[in-house]
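Structure file start-v4.cif; described as mmCIF, C-alpha atoms and all ligand atoms.
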```cif
data_data
#
loop_
_atom_site.group_PDB
_atom_site.id
_atom_site.type_symbol
_atom_site.label_atom_id
_atom_site.label_comp_id
_atom_site.auth_asym_id
_atom_site.auth_seq_id
_atom_site.Cartn_x
_atom_site.Cartn_y
_atom_site.Cartn_z
ATOM 1 C CA MET Y 1 0.000 0.000 0.000
ATOM 2 C CA ILE Y 2 1.291 3.485 -0.889
ATOM 3 C CA PRO Y 3 1.925 5.382 2.374
ATOM 4 C CA THR Y 4 -0.309 8.426 2.908
ATOM 5 C CA TRP Y 5 2.683 10.740 3.438
ATOM 6 C CA SER Y 6 4.439 9.839 0.185
ATOM 7 C CA ASN Y 7 2.874 12.512 -2.041
ATOM 8 C CA HIS Y 8 2.725 15.219 0.636
ATOM 9 C CA PRO Y 9 3.419 18.738 -0.788
ATOM 10 C CA ASP Y 10 6.055 19.423 1.884
ATOM 11 C CA LEU Y 11 8.031 16.298 0.912
ATOM 12 C CA VAL Y 12 7.852 17.382 -2.729
ATOM 13 C CA ALA Y 13 8.772 21.000 -1.922
ATOM 14 C CA PHE Y 14 11.850 19.942 0.042
ATOM 15 C CA TYR Y 15 13.237 17.356 -2.381
ATOM 16 C CA THR Y 16 12.731 19.471 -5.488
ATOM 17 C CA GLN Y 17 14.845 22.209 -3.850
ATOM 18 C CA ASN Y 18 17.497 20.261 -1.907
ATOM 19 C CA ARG Y 19 19.879 17.305 -2.053
ATOM 20 C CA ASN Y 20 21.025 17.698 -5.653
ATOM 21 C CA GLN Y 21 24.696 18.731 -5.430
ATOM 22 C CA PRO Y 22 27.864 17.375 -3.742
ATOM 23 C CA ASP Y 23 27.772 20.129 -1.081
ATOM 24 C CA ASP Y 24 24.436 18.712 0.109
ATOM 25 C CA LEU Y 25 25.998 15.382 1.139
ATOM 26 C CA TYR Y 26 26.131 14.511 4.837
ATOM 27 C CA GLU Y 27 29.462 13.545 6.408
ATOM 28 C CA SER Y 28 28.762 9.793 6.235
ATOM 29 C CA GLU Y 29 27.716 10.065 2.579
ATOM 30 C CA LYS Y 30 30.873 12.011 1.682
ATOM 31 C CA ARG Y 31 32.935 9.241 3.226
ATOM 32 C CA PHE Y 32 31.562 6.594 0.841
ATOM 33 C CA LEU Y 33 29.837 8.005 -2.229
ATOM 34 C CA PRO Y 34 32.748 9.560 -4.205
ATOM 35 C CA ALA Y 35 34.846 6.372 -3.979
ATOM 36 C CA LEU Y 36 31.874 4.164 -4.874
ATOM 37 C CA ALA Y 37 31.048 6.351 -7.876
ATOM 38 C CA ILE Y 38 34.522 5.887 -9.314
ATOM 39 C CA ARG Y 39 34.243 2.094 -8.935
ATOM 40 C CA SER Y 40 30.665 1.772 -10.294
ATOM 41 C CA ALA Y 41 29.344 1.489 -13.858
ATOM 42 C CA SER Y 42 25.724 1.728 -12.728
ATOM 43 C CA VAL Y 43 23.761 2.839 -9.679
ATOM 44 C CA LEU Y 44 20.204 2.123 -8.551
ATOM 45 C CA ASP Y 45 19.053 4.843 -6.142
ATOM 46 C CA VAL Y 46 16.114 3.551 -4.078
ATOM 47 C CA GLY Y 47 14.252 6.315 -2.238
ATOM 48 C CA CYS Y 48 15.502 8.729 -4.892
ATOM 49 C CA ALA Y 49 12.840 11.400 -4.097
ATOM 50 C CA ALA Y 50 12.981 14.025 -6.885
ATOM 51 C CA GLY Y 51 16.128 12.487 -8.371
ATOM 52 C CA GLY Y 52 18.723 14.952 -7.056
ATOM 53 C CA PHE Y 53 21.301 12.196 -6.545
ATOM 54 C CA ALA Y 54 21.369 11.658 -10.318
ATOM 55 C CA ALA Y 55 23.359 14.908 -10.511
ATOM 56 C CA ILE Y 56 25.529 13.953 -7.540
ATOM 57 C CA TRP Y 57 26.530 10.526 -8.915
ATOM 58 C CA ARG Y 58 27.205 12.028 -12.356
ATOM 59 C CA HIS Y 59 29.370 14.723 -10.723
ATOM 60 C CA TYR Y 60 31.701 11.998 -9.431
ATOM 61 C CA ASN Y 61 31.312 9.692 -12.458
ATOM 62 C CA PRO Y 62 30.012 11.452 -15.610
ATOM 63 C CA VAL Y 63 29.288 8.163 -17.423
ATOM 64 C CA ILE Y 64 27.547 6.229 -14.656
ATOM 65 C CA GLU Y 65 24.149 4.703 -15.549
ATOM 66 C CA TYR Y 66 21.604 5.974 -13.050
ATOM 67 C CA THR Y 67 18.154 4.543 -12.177
ATOM 68 C CA GLY Y 68 15.994 6.090 -9.457
ATOM 69 C CA VAL Y 69 13.071 4.419 -7.655
ATOM 70 C CA ASP Y 70 10.694 5.964 -5.151
ATOM 71 C CA VAL Y 71 7.390 4.952 -3.580
ATOM 72 C CA SER Y 72 6.055 8.450 -4.321
ATOM 73 C CA GLN Y 73 4.523 8.756 -7.789
ATOM 74 C CA VAL Y 74 4.538 12.566 -7.518
ATOM 75 C CA LEU Y 75 8.258 12.684 -6.698
ATOM 76 C CA ILE Y 76 9.000 10.307 -9.585
ATOM 77 C CA GLU Y 77 7.119 12.605 -11.979
ATOM 78 C CA HIS Y 78 9.195 15.567 -10.745
ATOM 79 C CA ALA Y 79 12.377 13.517 -11.160
ATOM 80 C CA ARG Y 80 11.467 12.672 -14.785
ATOM 81 C CA GLN Y 81 10.837 16.360 -15.546
ATOM 82 C CA ARG Y 82 14.058 17.505 -13.883
ATOM 83 C CA TYR Y 83 16.280 14.837 -15.461
ATOM 84 C CA PRO Y 84 14.530 13.988 -18.763
ATOM 85 C CA HIS Y 85 17.457 12.551 -20.728
ATOM 86 C CA GLY Y 86 19.755 9.634 -19.968
ATOM 87 C CA PHE Y 87 18.191 8.603 -16.646
ATOM 88 C CA ARG Y 88 15.523 6.071 -15.683
ATOM 89 C CA PHE Y 89 12.932 6.675 -12.949
ATOM 90 C CA LEU Y 90 10.391 4.136 -11.661
ATOM 91 C CA GLN Y 91 7.723 4.175 -8.990
ATOM 92 C CA GLY Y 92 7.940 1.249 -6.561
ATOM 93 C CA ASP Y 93 7.968 0.156 -2.945
ATOM 94 C CA MET Y 94 11.185 -1.622 -1.994
ATOM 95 C CA SER Y 95 9.524 -3.531 0.866
ATOM 96 C CA GLN Y 96 7.072 -5.128 -1.608
ATOM 97 C CA GLY Y 97 9.766 -6.013 -4.162
ATOM 98 C CA LEU Y 98 10.705 -4.032 -7.281
ATOM 99 C CA LEU Y 99 10.146 -5.135 -10.865
ATOM 100 C CA LEU Y 100 13.849 -5.213 -11.621
ATOM 101 C CA SER Y 101 16.130 -8.180 -12.265
ATOM 102 C CA ALA Y 102 18.505 -9.621 -9.667
ATOM 103 C CA ARG Y 103 21.914 -7.883 -9.575
ATOM 104 C CA TYR Y 104 20.331 -5.019 -11.542
ATOM 105 C CA ALA Y 105 22.990 -2.410 -10.685
ATOM 106 C CA HIS Y 106 26.639 -2.494 -9.738
ATOM 107 C CA THR Y 107 25.852 -0.278 -6.738
ATOM 108 C CA VAL Y 108 22.506 0.068 -4.977
ATOM 109 C CA GLN Y 109 21.978 3.133 -2.802
ATOM 110 C CA ALA Y 110 19.232 3.626 -0.196
ATOM 111 C CA LEU Y 111 19.815 6.830 1.752
ATOM 112 C CA GLY Y 112 17.407 8.317 4.255
ATOM 113 C CA CYS Y 113 14.714 5.717 3.641
ATOM 114 C CA LEU Y 114 15.239 2.568 5.751
ATOM 115 C CA HIS Y 115 14.425 4.457 8.972
ATOM 116 C CA TRP Y 116 11.149 5.555 7.310
ATOM 117 C CA ASP Y 117 10.257 1.954 6.505
ATOM 118 C CA THR Y 118 8.629 -0.314 9.107
ATOM 119 C CA GLU Y 119 9.422 -3.281 6.812
ATOM 120 C CA TYR Y 120 13.125 -2.360 6.709
ATOM 121 C CA ALA Y 121 14.360 -5.969 7.004
ATOM 122 C CA ALA Y 122 12.362 -7.063 3.929
ATOM 123 C CA SER Y 123 13.530 -3.918 2.157
ATOM 124 C CA LEU Y 124 17.170 -4.603 2.952
ATOM 125 C CA ARG Y 125 16.860 -8.132 1.541
ATOM 126 C CA GLU Y 126 15.279 -6.720 -1.640
ATOM 127 C CA LEU Y 127 18.051 -4.117 -1.994
ATOM 128 C CA TRP Y 128 20.584 -6.924 -1.632
ATOM 129 C CA ARG Y 129 18.872 -8.970 -4.361
ATOM 130 C CA LEU Y 130 19.240 -5.976 -6.705
ATOM 131 C CA THR Y 131 22.907 -5.401 -5.826
ATOM 132 C CA ASP Y 132 25.608 -6.714 -8.108
ATOM 133 C CA ARG Y 133 28.599 -5.496 -6.070
ATOM 134 C CA PHE Y 134 27.975 -2.764 -3.454
ATOM 135 C CA LEU Y 135 24.975 -1.907 -1.288
ATOM 136 C CA PHE Y 136 25.222 1.556 0.280
ATOM 137 C CA PHE Y 137 22.623 2.604 2.853
ATOM 138 C CA ASP Y 138 22.105 4.377 6.150
ATOM 139 C CA ILE Y 139 20.152 3.448 9.255
ATOM 140 C CA ARG Y 140 19.604 4.681 12.822
ATOM 141 C CA LEU Y 141 21.000 2.368 15.532
ATOM 142 C CA VAL Y 142 21.150 2.018 19.311
ATOM 143 C CA SER Y 143 23.076 -0.685 21.136
ATOM 144 C CA GLY Y 144 21.285 -2.772 23.779
ATOM 145 C CA LEU Y 145 17.670 -2.220 22.746
ATOM 146 C CA ALA Y 146 15.247 -4.960 23.782
ATOM 147 C CA GLU Y 147 13.272 -4.228 20.633
ATOM 148 C CA GLU Y 148 13.347 -1.635 17.878
ATOM 149 C CA ILE Y 149 12.008 1.865 18.614
ATOM 150 C CA ARG Y 150 9.064 2.745 16.389
ATOM 151 C CA GLY Y 151 8.982 6.545 16.564
ATOM 152 C CA GLN Y 152 7.503 9.013 14.120
ATOM 153 C CA GLN Y 153 8.722 12.065 12.256
ATOM 154 C CA LYS Y 154 6.489 15.066 11.658
ATOM 155 C CA MET Y 155 6.369 16.126 8.025
ATOM 156 C CA GLU Y 156 7.927 19.575 8.452
ATOM 157 C CA LEU Y 157 10.839 19.671 6.038
ATOM 158 C CA SER Y 158 10.334 23.050 4.328
ATOM 159 C CA ASN Y 159 7.036 24.171 5.817
ATOM 160 C CA ALA Y 160 5.245 24.149 9.170
ATOM 161 C CA TRP Y 161 3.685 20.828 10.219
ATOM 162 C CA ASP Y 162 0.052 20.361 9.151
ATOM 163 C CA GLY Y 163 -0.706 18.837 12.558
ATOM 164 C CA ARG Y 164 -1.303 15.285 11.280
ATOM 165 C CA THR Y 165 1.159 13.933 8.693
ATOM 166 C CA THR Y 166 4.000 11.820 10.064
ATOM 167 C CA THR Y 167 6.358 9.217 8.645
ATOM 168 C CA PRO Y 168 7.742 6.281 10.640
ATOM 169 C CA TYR Y 169 11.107 6.828 12.375
ATOM 170 C CA LEU Y 170 12.711 3.506 13.179
ATOM 171 C CA VAL Y 171 15.689 2.906 15.449
ATOM 172 C CA VAL Y 172 17.140 -0.586 15.282
ATOM 173 C CA ASP Y 173 19.145 -2.578 17.830
ATOM 174 C CA TRP Y 174 22.803 -2.869 16.807
ATOM 175 C CA ALA Y 175 23.230 -6.600 17.583
ATOM 176 C CA ARG Y 176 20.031 -7.576 15.731
ATOM 177 C CA PHE Y 177 21.020 -5.432 12.801
ATOM 178 C CA VAL Y 178 24.384 -7.234 12.693
ATOM 179 C CA ASP Y 179 22.599 -10.592 12.487
ATOM 180 C CA LEU Y 180 20.438 -9.228 9.668
ATOM 181 C CA ILE Y 181 23.400 -8.117 7.560
ATOM 182 C CA LEU Y 182 25.275 -11.347 8.304
ATOM 183 C CA SER Y 183 22.281 -13.278 6.965
ATOM 184 C CA LEU Y 184 22.945 -11.637 3.581
ATOM 185 C CA ASN Y 185 26.390 -13.308 3.508
ATOM 186 C CA PRO Y 186 28.407 -10.283 2.314
ATOM 187 C CA ARG Y 187 32.106 -10.490 1.574
ATOM 188 C CA LEU Y 188 32.888 -7.121 3.161
ATOM 189 C CA ILE Y 189 31.069 -4.873 5.677
ATOM 190 C CA LEU Y 190 32.198 -1.248 5.996
ATOM 191 C CA GLY Y 191 30.507 1.046 8.510
ATOM 192 C CA TYR Y 192 30.855 4.666 9.468
ATOM 193 C CA GLY Y 193 28.749 6.453 12.066
ATOM 194 C CA TYR Y 194 28.447 8.950 14.870
ATOM 195 C CA MET Y 195 26.097 9.634 17.772
ATOM 196 C CA GLY Y 196 23.604 12.491 17.574
ATOM 197 C CA GLN Y 197 20.144 13.642 18.574
ATOM 198 C CA PRO Y 198 17.299 12.952 16.117
ATOM 199 C CA ALA Y 199 15.821 16.051 14.435
ATOM 200 C CA LYS Y 200 13.356 18.145 16.462
ATOM 201 C CA SER Y 201 10.571 16.867 14.203
ATOM 202 C CA VAL Y 202 11.074 13.297 15.551
ATOM 203 C CA ILE Y 203 8.675 12.130 18.267
ATOM 204 C CA HIS Y 204 8.874 9.141 20.661
ATOM 205 C CA VAL Y 205 12.660 8.797 20.311
ATOM 206 C CA ASP Y 206 14.017 10.472 23.435
ATOM 207 C CA ARG Y 207 17.676 9.510 23.221
ATOM 208 C CA SER Y 208 20.731 9.957 21.063
ATOM 209 C CA VAL Y 209 21.117 7.474 18.226
ATOM 210 C CA CYS Y 210 23.972 6.342 16.014
ATOM 211 C CA PHE Y 211 23.605 7.748 12.491
ATOM 212 C CA ALA Y 212 25.341 4.980 10.581
ATOM 213 C CA ALA Y 213 26.096 4.371 6.918
ATOM 214 C CA PHE Y 214 27.204 1.005 5.555
ATOM 215 C CA VAL Y 215 28.684 -0.411 2.404
ATOM 216 C CA LEU Y 216 28.232 -4.169 1.966
ATOM 217 C CA GLU Y 217 30.144 -5.887 -0.817
ATOM 218 C CA LYS Y 218 28.542 -8.923 -2.453
ATOM 219 C CA ARG Y 219 30.514 -11.961 -3.531
ATOM 220 C CA PRO Y 220 30.792 -12.558 -7.292
ATOM 221 C CA ALA Y 221 28.041 -14.853 -8.632
ATOM 222 C CA GLY Y 222 28.959 -18.466 -7.891
ATOM 223 C CA ALA Y 223 31.926 -17.562 -5.653
ATOM 224 C CA ALA Y 224 32.577 -19.693 -2.584
ATOM 225 C CA GLY Y 225 31.712 -18.201 0.793
ATOM 226 C CA GLY Y 226 34.076 -17.453 3.672
ATOM 227 C CA HIS Y 227 34.053 -15.293 6.765
ATOM 228 C CA PRO Y 228 33.048 -11.702 6.007
ATOM 229 C CA THR Y 229 35.616 -8.961 6.650
ATOM 230 C CA VAL Y 230 34.374 -6.086 8.816
ATOM 231 C CA CYS Y 231 35.808 -2.594 9.184
ATOM 232 C CA LEU Y 232 33.938 -0.074 11.333
ATOM 233 C CA ASP Y 233 34.664 3.551 12.133
ATOM 234 C CA MET Y 234 31.759 4.182 14.489
ATOM 235 C CA PRO Y 235 30.900 4.241 18.206
ATOM 236 C CA TYR Y 236 29.844 0.564 18.336
ATOM 237 C CA THR Y 237 32.221 -2.380 18.049
ATOM 238 C CA TRP Y 238 31.304 -5.646 16.356
ATOM 239 C CA PRO Y 239 29.286 -7.749 18.892
ATOM 240 C CA SER Y 240 31.151 -10.846 20.045
ATOM 241 C CA GLU Y 241 27.850 -12.756 20.244
ATOM 242 C CA ALA Y 242 27.166 -12.297 16.500
ATOM 243 C CA GLN Y 243 25.918 -15.426 14.748
ATOM 244 C CA GLU Y 244 28.971 -15.966 12.575
ATOM 245 C CA PRO Y 245 32.753 -15.441 12.864
ATOM 246 C CA VAL Y 246 34.132 -12.437 11.013
ATOM 247 C CA SER Y 247 37.557 -10.962 10.382
ATOM 248 C CA VAL Y 248 37.782 -7.463 11.885
ATOM 249 C CA LEU Y 249 40.094 -4.805 10.486
ATOM 250 C CA PRO Y 250 40.861 -1.531 12.323
ATOM 251 C CA PRO Y 251 39.155 1.761 11.294
ATOM 252 C CA SER Y 252 42.372 2.940 9.639
ATOM 253 C CA CYS Y 253 41.734 0.342 6.877
ATOM 254 C CA LEU Y 254 38.319 1.732 5.917
ATOM 255 C CA ASP Y 255 39.293 4.092 3.114
ATOM 256 C CA GLY Y 256 41.711 1.606 1.518
ATOM 257 C CA LEU Y 257 39.089 -1.154 1.562
ATOM 258 C CA LEU Y 258 36.561 1.207 0.015
ATOM 259 C CA ARG Y 259 38.912 2.212 -2.790
ATOM 260 C CA GLY Y 260 39.876 -1.420 -3.356
ATOM 261 C CA SER Y 261 43.528 -0.660 -2.665
ATOM 262 C CA VAL Y 262 43.594 -2.981 0.371
ATOM 263 C CA GLU Y 263 43.287 -6.669 -0.407
ATOM 264 C CA LEU Y 264 41.269 -8.930 1.877
ATOM 265 C CA VAL Y 265 43.500 -11.542 3.486
ATOM 266 C CA GLU Y 266 42.841 -14.593 5.640
ATOM 267 C CA PRO Y 267 42.241 -13.895 9.365
ATOM 268 C CA ALA Y 268 45.505 -13.584 11.303
ATOM 269 C CA TYR Y 269 44.472 -14.552 14.818
ATOM 270 C CA GLU Y 270 41.475 -15.034 17.061
ATOM 271 C CA THR Y 271 41.009 -12.639 19.995
ATOM 272 C CA GLN Y 272 39.684 -13.571 23.430
ATOM 273 C CA SER Y 273 36.261 -12.356 22.309
ATOM 274 C CA GLY Y 274 36.291 -14.871 19.461
ATOM 275 C CA LEU Y 275 36.620 -12.208 16.773
ATOM 276 C CA MET Y 276 39.310 -12.604 14.173
ATOM 277 C CA GLU Y 277 41.523 -9.528 14.060
ATOM 278 C CA ASN Y 278 43.867 -8.485 11.351
ATOM 279 C CA ALA Y 279 45.777 -5.491 10.028
ATOM 280 C CA CYS Y 280 45.730 -3.894 6.603
HETATM 281 C C1 LIG Y 301 14.035 11.114 3.682
HETATM 282 S S1 LIG Y 301 13.741 10.903 1.952
HETATM 283 C C2 LIG Y 301 15.422 10.727 1.361
HETATM 284 C C3 LIG Y 301 15.584 11.075 -0.086
HETATM 285 C C4 LIG Y 301 16.983 10.903 -0.664
HETATM 286 N N1 LIG Y 301 17.362 9.506 -0.768
HETATM 287 C C5 LIG Y 301 17.981 11.647 0.165
HETATM 288 O O1 LIG Y 301 18.789 11.000 0.867
HETATM 289 O O2 LIG Y 301 17.973 12.871 0.094
HETATM 290 C C6 LIG Y 301 13.152 9.251 1.867
HETATM 291 C C7 LIG Y 301 12.659 8.883 0.503
HETATM 292 O O3 LIG Y 301 12.481 7.466 0.475
HETATM 293 C C8 LIG Y 301 11.238 7.185 -0.122
HETATM 294 N N2 LIG Y 301 10.803 5.900 0.429
HETATM 295 C C9 LIG Y 301 10.473 5.624 1.711
HETATM 296 N N3 LIG Y 301 10.097 4.343 1.837
HETATM 297 C C10 LIG Y 301 10.210 3.787 0.599
HETATM 298 C C11 LIG Y 301 9.955 2.490 0.078
HETATM 299 N N4 LIG Y 301 9.508 1.516 0.876
HETATM 300 N N5 LIG Y 301 10.211 2.257 -1.227
HETATM 301 C C12 LIG Y 301 10.671 3.249 -2.029
HETATM 302 N N6 LIG Y 301 10.892 4.513 -1.598
HETATM 303 C C13 LIG Y 301 10.677 4.777 -0.299
HETATM 304 C C14 LIG Y 301 10.359 8.356 0.280
HETATM 305 O O4 LIG Y 301 9.245 8.513 -0.568
HETATM 306 C C15 LIG Y 301 11.334 9.515 0.180
HETATM 307 O O5 LIG Y 301 11.365 10.076 -1.096
#
```
Translate this file's structure into structure tokens.
Amino acid sequence: MIPTWSNHPDLVAFYTQNRNQPDDLYESEKRFLPALAIRSASVLDVGCAAGGFAAIWRHYNPVIEYTGVDVSQVLIEHARQRYPHGFRFLQGDMSQGLLLSARYAHTVQALGCLHWDTEYAASLRELWRLTDRFLFFDIRLVSGLAEEIRGQQKMELSNAWDGRTTTPYLVVDWARFVDLILSLNPRLILGYGYMGQPAKSVIHVDRSVCFAAFVLEKRPAGAAGGHPTVCLDMPYTWPSEAQEPVSVLPPSCLDGLLRGSVELVEPAYETQSGLMENAC
């Protein structure tokens, strides 16, 4: 079902005016997007709003193939008008599955939308199906939650709130989220994040959260599995009780792994916590 907020005039007003140039990127996005753009022949931008990231990806890679998907039909129509040539825009709901083939794009991006999606686990699995190499997304996390926090965000992006329209605002437990991404069986997990207060428009989330962005690298089709390699530059460490062993690299390896200039090697030793640690 199409959410009631998805064609709201305030959402349209904000995304037709903002988030369409490199200066608009948040810190976590700047850390990953430019390097991914150089390494990607195609990008699928899910939750593309009015398509502003088409210009951002092309800024970093002028020949990248760009497809945008959004649940909002009105935003997709704006995107088509703003970027009429050489781009593809489709309406669709990632949690229900998109009419696109498996491994559709080299890189799949989903920024600012998983925390608006109560079906985020199904959505993440669908994004992974569509990923050929890299999945790049952000999410709000807290460590030690008994269950996820289901808050709400008032629709007041450019204009005053109308007193009724809200979107979901989900905060997910770090350890459960780790088990979810491990279930995808990625080759590499890169994470970057920082603690902060949710926007003033957020209700029922009365604590600081970790704003975290991740890049997951998929194994080539038919490749044998192995322990994933993890590199995190964020307030939370990899949980020792995670369902599967991983090889952990220090934060200093993050940029090299992202650029592909650091090769993944076999785990060097097992720590007391059971995590494999290594150096790059
Ligand atoms: C907060 S906006 C972020 C827009 C843009 N990605 C950015 O980072 O500036 C979230 C966007 O995701 C879209 N969205 C939310 N849930 C979605 C879903 N299940 N499937 C597709 N799009 C969705 C919304 O319509 C909205 O345009």
| Interatomic distance, atom CA of Ser158 of chain Y to atom CA of Arg58 of chain Y (Å, one decimal) | 26.2 Å
| task | Have a look at atom C7 of ligand LIG 301 (chain Y) and atom CA of Ile189 of chain Y and let me know their distance in Å, one decimal. | result | 23.6 Å
| task | Compile the contact shell of Glu147 of chain Y as a ChimeraX atom specification: residues with an atom at most 8 Å away, counting only C-alpha atoms, same-chain residues fewer than 2 positions apart removed. | result | /Y:145,149,172-173
For those residues, write C-alpha atoms to a file as a PDB file, keeping the file's coordinate frame.
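again_17.pdb written:
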```
ATOM      1  CA  LEU Y 145      17.670  -2.220  22.746  1.00  0.00           C
ATOM      2  CA  ILE Y 149      12.008   1.865  18.614  1.00  0.00           C
ATOM      3  CA  VAL Y 172      17.140  -0.586  15.282  1.00  0.00           C
ATOM      4  CA  ASP Y 173      19.145  -2.578  17.830  1.00  0.00           C
TER       5      ASP Y 173
END
```
| message | For the PyMOL selection byres (((chain Y and resi 13) around 12) and not hetatm), applied here, can you spell out every residue it catches as a list in words? | response | Asn7, His8, Pro9, Asp10, Leu11, Val12, Phe14, Tyr15, Thr16, Gln17, Asn18, Arg19, Ala49, Ala50, Val74, Leu75, His78, Met155, Glu156, Leu157, Ser158 and Asn159 of chain Y
Check which residues satisfy the PyMOL selection byres (((not hetatm)) within 9 of (chain Y and resi 301)) in the file shown, then give them as a compact mmCIF listing (two decimals) with C-alpha atoms, in the coordinates of the input.
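File written: expr16.txt
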```txt
# COMPACT_ATOMS: atom_id res chain seq x y z
CA ILE Y 2 1.29 3.48 -0.89
CA PRO Y 3 1.92 5.38 2.37
CA TRP Y 5 2.68 10.74 3.44
CA SER Y 6 4.44 9.84 0.18
CA ASN Y 7 2.87 12.51 -2.04
CA LEU Y 11 8.03 16.30 0.91
CA VAL Y 12 7.85 17.38 -2.73
CA TYR Y 15 13.24 17.36 -2.38
CA ASN Y 18 17.50 20.26 -1.91
CA ARG Y 19 19.88 17.30 -2.05
CA ASN Y 20 21.02 17.70 -5.65
CA ASP Y 24 24.44 18.71 0.11
CA LEU Y 25 26.00 15.38 1.14
CA ASP Y 45 19.05 4.84 -6.14
CA VAL Y 46 16.11 3.55 -4.08
CA GLY Y 47 14.25 6.32 -2.24
CA CYS Y 48 15.50 8.73 -4.89
CA ALA Y 49 12.84 11.40 -4.10
CA ALA Y 50 12.98 14.02 -6.88
CA GLY Y 51 16.13 12.49 -8.37
CA GLY Y 52 18.72 14.95 -7.06
CA PHE Y 53 21.30 12.20 -6.54
CA VAL Y 69 13.07 4.42 -7.66
CA ASP Y 70 10.69 5.96 -5.15
CA VAL Y 71 7.39 4.95 -3.58
CA SER Y 72 6.06 8.45 -4.32
CA GLN Y 73 4.52 8.76 -7.79
CA LEU Y 75 8.26 12.68 -6.70
CA ILE Y 76 9.00 10.31 -9.59
CA GLN Y 91 7.72 4.18 -8.99
CA GLY Y 92 7.94 1.25 -6.56
CA ASP Y 93 7.97 0.16 -2.94
CA MET Y 94 11.18 -1.62 -1.99
CA SER Y 95 9.52 -3.53 0.87
CA GLN Y 96 7.07 -5.13 -1.61
CA GLY Y 97 9.77 -6.01 -4.16
CA LEU Y 98 10.70 -4.03 -7.28
CA GLN Y 109 21.98 3.13 -2.80
CA ALA Y 110 19.23 3.63 -0.20
CA LEU Y 111 19.82 6.83 1.75
CA GLY Y 112 17.41 8.32 4.26
CA CYS Y 113 14.71 5.72 3.64
CA LEU Y 114 15.24 2.57 5.75
CA HIS Y 115 14.42 4.46 8.97
CA TRP Y 116 11.15 5.56 7.31
CA ASP Y 117 10.26 1.95 6.50
CA THR Y 118 8.63 -0.31 9.11
CA GLU Y 119 9.42 -3.28 6.81
CA TYR Y 120 13.12 -2.36 6.71
CA SER Y 123 13.53 -3.92 2.16
CA THR Y 167 6.36 9.22 8.64
```
| task | Name the closest residue to Ala146 of chain Y among the candidates Y:Glu241, Y:Gly256, Y:Leu127, Y:Arg176; distances are taken between atoms, counting only C-alpha atoms. | result |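 Using only C-alpha atoms, Ala146 of chain Y sits closest to Y:Arg176.
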| request: List the residues selected by the PyMOL selection byres (((chain Y and resi 36) around 10) and not hetatm) in the file shown, writing them as a PyMOL selection string. | output: chain Y and resi 31-35+37-41+43+57+60-61+106-107+134-136+215+258-260
| message | Just checking: using all atoms listed in the file, which residue out of Y:Ile203, Y:Gly144, Y:Arg187, Y:Asp23 ends up closest to Thr166 of chain Y? | response |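 Nearest candidate to Thr166 of chain Y out of Y:Ile203, Y:Gly144, Y:Arg187, Y:Asp23: Y:Ile203.
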| Which of these, Y:Thr131, Y:Ser101, Y:Gln21, Y:Thr237, has the shortest distance to Pro186 of chain Y once you count only C-alpha atoms? | Y:Thr131
Using all atoms listed in the file, determine which residues lie at most 9 Å from Leu141 of chain Y, disregarding the query and same-chain residues fewer than 6 positions distant; provide the list as an mmCIF file with C-alpha atoms, keeping the file's coordinate frame.
```cif
data_model
loop_
_atom_site.group_PDB
_atom_site.id
_atom_site.type_symbol
_atom_site.label_atom_id
_atom_site.label_comp_id
_atom_site.auth_asym_id
_atom_site.auth_seq_id
_atom_site.Cartn_x
_atom_site.Cartn_y
_atom_site.Cartn_z
ATOM 1 C CA GLU Y 148 13.347 -1.635 17.878
ATOM 2 C CA LEU Y 170 12.711 3.506 13.179
ATOM 3 C CA VAL Y 171 15.689 2.906 15.449
ATOM 4 C CA VAL Y 172 17.140 -0.586 15.282
ATOM 5 C CA ASP Y 173 19.145 -2.578 17.830
ATOM 6 C CA TRP Y 174 22.803 -2.869 16.807
ATOM 7 C CA PHE Y 177 21.020 -5.432 12.801
ATOM 8 C CA VAL Y 209 21.117 7.474 18.226
ATOM 9 C CA CYS Y 210 23.972 6.342 16.014
ATOM 10 C CA PHE Y 211 23.605 7.748 12.491
ATOM 11 C CA ALA Y 212 25.341 4.980 10.581
#
```
| field | Proximity to Glu29 of chain Y - best of Y:Ala105, Y:Gly193, Y:Ala160, Y:Ser143, only C-alpha atoms | value |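 Checking each of Y:Ala105, Y:Gly193, Y:Ala160, Y:Ser143 against Glu29 of chain Y, counting only C-alpha atoms, the winner is Y:Gly193.
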Centre and edges of the segment 71-84 of chain Y box, axis-aligned, 5 Å extra per side, as lines of an AutoDock Vina configuration file:
```
center_x = 10.4
center_y = 11.2
center_z = -11.2
size_x = 21.8
size_y = 22.6
size_z = 25.2
```
Starting from the sparse input, extend segment 179-183 of chain Y to N, CA and C atoms and give the output as an mmCIF file, in the frame of the given file.
```cif
data_model
loop_
_atom_site.group_PDB
_atom_site.id
_atom_site.type_symbol
_atom_site.label_atom_id
_atom_site.label_comp_id
_atom_site.auth_asym_id
_atom_site.auth_seq_id
_atom_site.Cartn_x
_atom_site.Cartn_y
_atom_site.Cartn_z
ATOM 1 N N ASP Y 179 23.056 -9.271 12.936
ATOM 2 C CA ASP Y 179 22.599 -10.592 12.487
ATOM 3 C C ASP Y 179 21.869 -10.504 11.148
ATOM 4 N N LEU Y 180 21.141 -9.405 10.955
ATOM 5 C CA LEU Y 180 20.438 -9.228 9.668
ATOM 6 C C LEU Y 180 21.446 -9.098 8.518
ATOM 7 N N ILE Y 181 22.472 -8.271 8.701
ATOM 8 C CA ILE Y 181 23.400 -8.117 7.560
ATOM 9 C C ILE Y 181 24.259 -9.377 7.370
ATOM 10 N N LEU Y 182 24.534 -10.083 8.471
ATOM 11 C CA LEU Y 182 25.275 -11.347 8.304
ATOM 12 C C LEU Y 182 24.459 -12.360 7.518
ATOM 13 N N SER Y 183 23.141 -12.314 7.671
ATOM 14 C CA SER Y 183 22.281 -13.278 6.965
ATOM 15 C C SER Y 183 22.336 -13.068 5.451
#
```
